[in-house]
Amino acid sequence: MRLDGIRVLDLTRLLPGPYATQLLADSGAEVVKVEDTGAGDYARHMEPYTSRDVGAIFDAVNRGKRSVAIDLKRADGREAFYRLVEDADVVFEGFRPGVVDRLEIDYETLTAYNDDLVYCSLSGYGQDGPWADRVGHDLNYVAVAGLLDMTRESADAKPQVPGYPIGDMASGLFAAFAIVGALLSRELGTTGGEYVDVAVTDVVASFSQAVATQAFTGDPETPRPGETPLSGALPWYDVYRTDDDEWITLAALEPKFWRAFCEAVDREDLLDAHGSSDPDVRAALRAELDDLFASRTREEWAARLESVDAAVGAVYSPAEMVEHPQLCARDLFERSPEAPPRVGFPARSSEPSATDDESVPAQGEHTREYLTSAGYDEETIDALLEDDVVR
């Protein structure tokens, strides 16, 4: 996973786009944030702040990047950007559809400067369709994709808001995957430059594969928690409260796991209930499991079943997650004396990236450096800075 030598011009801000390019940067790509000359990436200024006096979200997803600040609404600003495009591999933008056309930095325009360019657009609803121009955030996208309803406890209950921005993170991950795929296709000679259109809503909808069958077969009813095999309908695949008001997961789908569980808790009398479709049998089994798990604390259950192949595990908070011995053993968390900790790249490779830069760039910190590499002389750069075309 070495993207050494790949240069990405990143026009995105806030979370999904910067998360995508953080994954690319963690893989060795040179990511250049192209920010405006005003506020720059809004996430810089969003509370809470880290010890480096920048927004925590910004600090987490902009490590090892560079920053240039250019006013793309100005002709000489666009000219400076075009010069940067000539040596880039990827341009990644997250504006609403039509903005890049007005700014004259759309794919067709930029391919005149670099016909091998991989250009990715990430937006809420995609570049076409009746909702393409609508504004939105993660909650809207999850609702459109039908997944917000899946969190409802009953048909008349208010849909619950997901605890984290699943659409933003998932679309960022998919955009990074799509960009790497396009780069690979280019290197293999299958394609040259390529345009990639990623919609947050499309990505979230892709997550519904496990429950989409019911909709495709014409069933008008939306499945609720407790109505599908993986959302609580099966008592041997659910979450149970423990004696200390914590939670334990039981995911014994396979008979071998169920047998191991029943034997470990001395309840072989429950063995035959596994796999039953009888609602009365399931209800009776759930009541037994409710009582069983409520008889011990979370940690007591975790310790008792730790060495049992029963697919049982405790439910942890985010604060407990970052101290979990399994995740720490995987070196998932980046802990550097020069930077606040963060969740690192979620894959291990025999050829990891050589980059270890945990710094975050100041807005426009590298403007002069990149304009110089693009052929601008010092006098011209000074004039652009003086005229607020760049920062």
# chains A, B, ... in the order shown; residues from 1 in each chain; ligands from 1
>>> residues_around(residues="A:Ser208", least_positions_apart="2", cutoff="9 Å", atoms="only C-alpha atoms", output="PyMOL selection string")
chain A and resi 145-147+204-206+210-212
>>> residues_around(residues="A:Ser121", least_positions_apart="2", cutoff="9 Å", atoms="only C-alpha atoms", output="ChimeraX atom specification")
/A:91-95,97,119,123,126-127,175,195-199
>>> select_by_dssp(residues="stretch 124-353 of chain A", states="helix (DSSP H, G or I)", output="PyMOL selection string")
chain A and resi 138-144+149-151+166-188+200-206+209-216+229-233+255-264+268-273+279-293+298-305+318-321+325-329
>>> closest_residue(among="A:Tyr141, A:Phe207, A:Tyr376, A:Tyr107", to="A:Pro165", atoms="only C-alpha atoms")
A:Tyr141
>>> residues_around(residues="A:Asp87", least_positions_apart="2", cutoff="8 Å", atoms="only C-alpha atoms", output="PDB file with all heavy atoms, in the first residue's frame")
ATOM      1  N   ARG A   7       0.387  12.584  -6.294  1.00  0.00           N
ATOM      2  CA  ARG A   7       0.032  13.896  -5.752  1.00  0.00           C
ATOM      3  C   ARG A   7      -1.464  14.137  -5.900  1.00  0.00           C
ATOM      4  O   ARG A   7      -2.024  14.015  -6.995  1.00  0.00           O
ATOM      5  CB  ARG A   7       0.806  15.017  -6.447  1.00  0.00           C
ATOM      6  CG  ARG A   7       0.444  16.406  -5.937  1.00  0.00           C
ATOM      7  CD  ARG A   7       1.261  17.496  -6.589  1.00  0.00           C
ATOM      8  NE  ARG A   7       2.652  17.474  -6.129  1.00  0.00           N
ATOM      9  CZ  ARG A   7       3.579  18.337  -6.533  1.00  0.00           C
ATOM     10  NH1 ARG A   7       3.267  19.290  -7.409  1.00  0.00           N
ATOM     11  NH2 ARG A   7       4.812  18.253  -6.070  1.00  0.00           N
ATOM     12  N   ARG A  83      -1.746  25.534 -12.977  1.00  0.00           N
ATOM     13  CA  ARG A  83      -0.328  25.192 -13.003  1.00  0.00           C
ATOM     14  C   ARG A  83      -0.057  24.011 -12.055  1.00  0.00           C
ATOM     15  O   ARG A  83       0.764  23.144 -12.352  1.00  0.00           O
ATOM     16  CB  ARG A  83       0.516  26.408 -12.612  1.00  0.00           C
ATOM     17  CG  ARG A  83       0.391  27.594 -13.577  1.00  0.00           C
ATOM     18  CD  ARG A  83       1.345  27.489 -14.745  1.00  0.00           C
ATOM     19  NE  ARG A  83       2.711  27.808 -14.348  1.00  0.00           N
ATOM     20  CZ  ARG A  83       3.220  29.036 -14.337  1.00  0.00           C
ATOM     21  NH1 ARG A  83       2.458  30.090 -14.679  1.00  0.00           N
ATOM     22  NH2 ARG A  83       4.463  29.253 -13.992  1.00  0.00           N
ATOM     23  N   LEU A  84      -0.748  24.000 -10.922  1.00  0.00           N
ATOM     24  CA  LEU A  84      -0.593  22.886  -9.991  1.00  0.00           C
ATOM     25  C   LEU A  84      -1.180  21.599 -10.558  1.00  0.00           C
ATOM     26  O   LEU A  84      -0.649  20.506 -10.327  1.00  0.00           O
ATOM     27  CB  LEU A  84      -1.268  23.212  -8.653  1.00  0.00           C
ATOM     28  CG  LEU A  84      -0.703  24.380  -7.844  1.00  0.00           C
ATOM     29  CD1 LEU A  84      -1.505  24.563  -6.555  1.00  0.00           C
ATOM     30  CD2 LEU A  84       0.773  24.164  -7.531  1.00  0.00           C
ATOM     31  N   VAL A  85      -2.265  21.730 -11.304  1.00  0.00           N
ATOM     32  CA  VAL A  85      -2.925  20.563 -11.889  1.00  0.00           C
ATOM     33  C   VAL A  85      -2.003  19.838 -12.860  1.00  0.00           C
ATOM     34  O   VAL A  85      -2.046  18.606 -12.985  1.00  0.00           O
ATOM     35  CB  VAL A  85      -4.237  20.984 -12.582  1.00  0.00           C
ATOM     36  CG1 VAL A  85      -4.804  19.862 -13.452  1.00  0.00           C
ATOM     37  CG2 VAL A  85      -5.271  21.415 -11.546  1.00  0.00           C
ATOM     38  N   ASP A  89      -1.807  14.068  -9.896  1.00  0.00           N
ATOM     39  CA  ASP A  89      -2.411  12.804 -10.325  1.00  0.00           C
ATOM     40  C   ASP A  89      -3.914  12.801 -10.083  1.00  0.00           C
ATOM     41  O   ASP A  89      -4.659  12.172 -10.830  1.00  0.00           O
ATOM     42  CB  ASP A  89      -1.775  11.636  -9.563  1.00  0.00           C
ATOM     43  CG  ASP A  89      -0.310  11.474  -9.867  1.00  0.00           C
ATOM     44  OD1 ASP A  89       0.017  10.951 -10.943  1.00  0.00           O
ATOM     45  OD2 ASP A  89       0.520  11.901  -9.039  1.00  0.00           O
ATOM     46  N   ASN A 114      -4.073  18.443 -18.042  1.00  0.00           N
ATOM     47  CA  ASN A 114      -3.539  17.145 -17.628  1.00  0.00           C
ATOM     48  C   ASN A 114      -4.538  16.073 -18.045  1.00  0.00           C
ATOM     49  O   ASN A 114      -5.528  15.837 -17.350  1.00  0.00           O
ATOM     50  CB  ASN A 114      -3.316  17.136 -16.112  1.00  0.00           C
ATOM     51  CG  ASN A 114      -2.669  15.866 -15.617  1.00  0.00           C
ATOM     52  OD1 ASN A 114      -2.674  14.842 -16.283  1.00  0.00           O
ATOM     53  ND2 ASN A 114      -2.112  15.927 -14.419  1.00  0.00           N
TER      54      ASN A 114
END
>>> residues_around(residues="A:Ala354", least_positions_apart="6", cutoff="12 Å", atoms="only C-alpha atoms", output="ChimeraX atom specification")
/A:1-5,25-30,64
>>> write_last_selection(atoms="N, CA, C and O atoms", output="mmCIF file, in the first residue's frame")
data_model
loop_
_atom_site.group_PDB
_atom_site.id
_atom_site.type_symbol
_atom_site.label_atom_id
_atom_site.label_comp_id
_atom_site.auth_asym_id
_atom_site.auth_seq_id
_atom_site.Cartn_x
_atom_site.Cartn_y
_atom_site.Cartn_z
ATOM 1 N N MET A 1 0.840 -1.192 0.000
ATOM 2 C CA MET A 1 0.000 0.000 0.000
ATOM 3 C C MET A 1 0.876 1.243 0.000
ATOM 4 O O MET A 1 0.868 2.038 0.931
ATOM 5 N N ARG A 2 1.651 1.374 -1.042
ATOM 6 C CA ARG A 2 2.553 2.513 -1.145
ATOM 7 C C ARG A 2 2.090 3.406 -2.295
ATOM 8 O O ARG A 2 2.147 3.010 -3.467
ATOM 9 N N LEU A 3 1.628 4.582 -1.976
ATOM 10 C CA LEU A 3 1.203 5.546 -2.987
ATOM 11 C C LEU A 3 2.246 6.638 -3.156
ATOM 12 O O LEU A 3 1.928 7.751 -3.579
ATOM 13 N N ASP A 4 3.492 6.315 -2.835
ATOM 14 C CA ASP A 4 4.581 7.279 -2.989
ATOM 15 C C ASP A 4 4.591 7.831 -4.412
ATOM 16 O O ASP A 4 4.480 7.081 -5.380
ATOM 17 N N GLY A 5 4.747 9.130 -4.535
ATOM 18 C CA GLY A 5 4.809 9.749 -5.858
ATOM 19 C C GLY A 5 3.475 10.183 -6.409
ATOM 20 O O GLY A 5 3.421 10.838 -7.448
ATOM 21 N N ALA A 25 -3.134 9.811 2.262
ATOM 22 C CA ALA A 25 -1.893 10.316 2.846
ATOM 23 C C ALA A 25 -1.231 9.258 3.717
ATOM 24 O O ALA A 25 -0.006 9.103 3.706
ATOM 25 N N ASP A 26 -2.045 8.522 4.489
ATOM 26 C CA ASP A 26 -1.502 7.462 5.325
ATOM 27 C C ASP A 26 -0.864 6.362 4.481
ATOM 28 O O ASP A 26 -0.028 5.600 4.976
ATOM 29 N N SER A 27 -1.269 6.262 3.227
ATOM 30 C CA SER A 27 -0.704 5.271 2.311
ATOM 31 C C SER A 27 0.479 5.821 1.522
ATOM 32 O O SER A 27 0.991 5.148 0.633
ATOM 33 N N GLY A 28 0.878 7.049 1.826
ATOM 34 C CA GLY A 28 2.076 7.600 1.207
ATOM 35 C C GLY A 28 1.857 8.656 0.159
ATOM 36 O O GLY A 28 2.822 9.218 -0.360
ATOM 37 N N ALA A 29 0.597 8.941 -0.193
ATOM 38 C CA ALA A 29 0.339 9.966 -1.207
ATOM 39 C C ALA A 29 0.668 11.351 -0.667
ATOM 40 O O ALA A 29 0.573 11.602 0.538
ATOM 41 N N GLU A 30 1.062 12.247 -1.557
ATOM 42 C CA GLU A 30 1.285 13.648 -1.214
ATOM 43 C C GLU A 30 -0.040 14.378 -1.402
ATOM 44 O O GLU A 30 -0.493 14.560 -2.529
ATOM 45 N N GLY A 64 -0.121 15.109 8.030
ATOM 46 C CA GLY A 64 0.854 14.895 6.976
ATOM 47 C C GLY A 64 0.512 15.520 5.644
ATOM 48 O O GLY A 64 1.140 15.218 4.628
#
>>> atom_distance(atom1="atom CA of A:Asp244", atom2="atom CA of A:Gly232")
21.6 Å
>>> atom_distance(atom1="atom CA of A:Ser185", atom2="atom CA of A:Ala112")
20.4 Å
>>> closest_residue(among="A:Ala20, A:Leu15, A:Ala311, A:Leu110", to="A:Leu173", atoms="only C-alpha atoms")
A:Ala20
>>> closest_residue(among="A:Val360, A:Cys120, A:Ile105, A:Trp258", to="A:Val8", atoms="only C-alpha atoms")
A:Cys120
>>> atom_distance(atom1="atom CA of A:Arg286", atom2="atom CA of A:Tyr240")
9.4 Å
>>> select_by_dssp(residues="stretch 119-365 of chain A", states="strand (DSSP E)", output="PyMOL selection string")
chain A and resi 119-123+194-199+237-241+247-251+312-314+333-336+339-343
>>> closest_residue(among="A:Ala60, A:Leu385, A:Val315, A:Ala69", to="A:Leu250", atoms="only C-alpha atoms")
A:Val315
>>> residues_around(residues="A:Glu300", least_positions_apart="4", cutoff="12 Å", atoms="only C-alpha atoms", output="CSV table (one decimal) with C-alpha atoms, in the first residue's frame")
chain,number,residue,atom,x,y,z
A,242,THR,CA,-26.1,-7.2,32.3
A,243,ASP,CA,-26.3,-6.8,36.1
A,244,ASP,CA,-24.4,-3.5,36.2
A,246,GLU,CA,-23.9,-2.6,30.8
A,247,TRP,CA,-24.4,-4.7,27.7
A,248,ILE,CA,-23.2,-8.0,26.2
A,293,PHE,CA,-27.3,-12.2,31.4
A,294,ALA,CA,-28.8,-10.0,34.1
A,295,SER,CA,-27.3,-12.3,36.7
A,296,ARG,CA,-23.7,-11.1,36.2
A,304,ARG,CA,-16.3,-16.3,31.9
A,305,LEU,CA,-16.7,-16.5,28.1
A,306,GLU,CA,-13.4,-15.1,27.0
A,313,GLY,CA,-18.5,-10.0,23.4
A,314,ALA,CA,-18.9,-7.0,25.7
>>> closest_residue(among="A:Asp138, A:Asp156, A:Asp272, A:Glu86", to="A:Ser171", atoms="only C-alpha atoms")
A:Asp138
>>> residues_around(residues="stretch 76-80 of chain A", least_positions_apart="5", cutoff="12 Å", atoms="only C-alpha atoms", output="MDAnalysis selection string")
chainID A and resid 34:37 68:71 85:86 100 102:106 109:110 113 367:368 370:376 380:381 383:385 387:391
>>> residues_around(residues="A:Ala56", least_positions_apart="6", cutoff="10 Å", atoms="only C-alpha atoms", output="ChimeraX atom specification")
/A:43-50,340,342
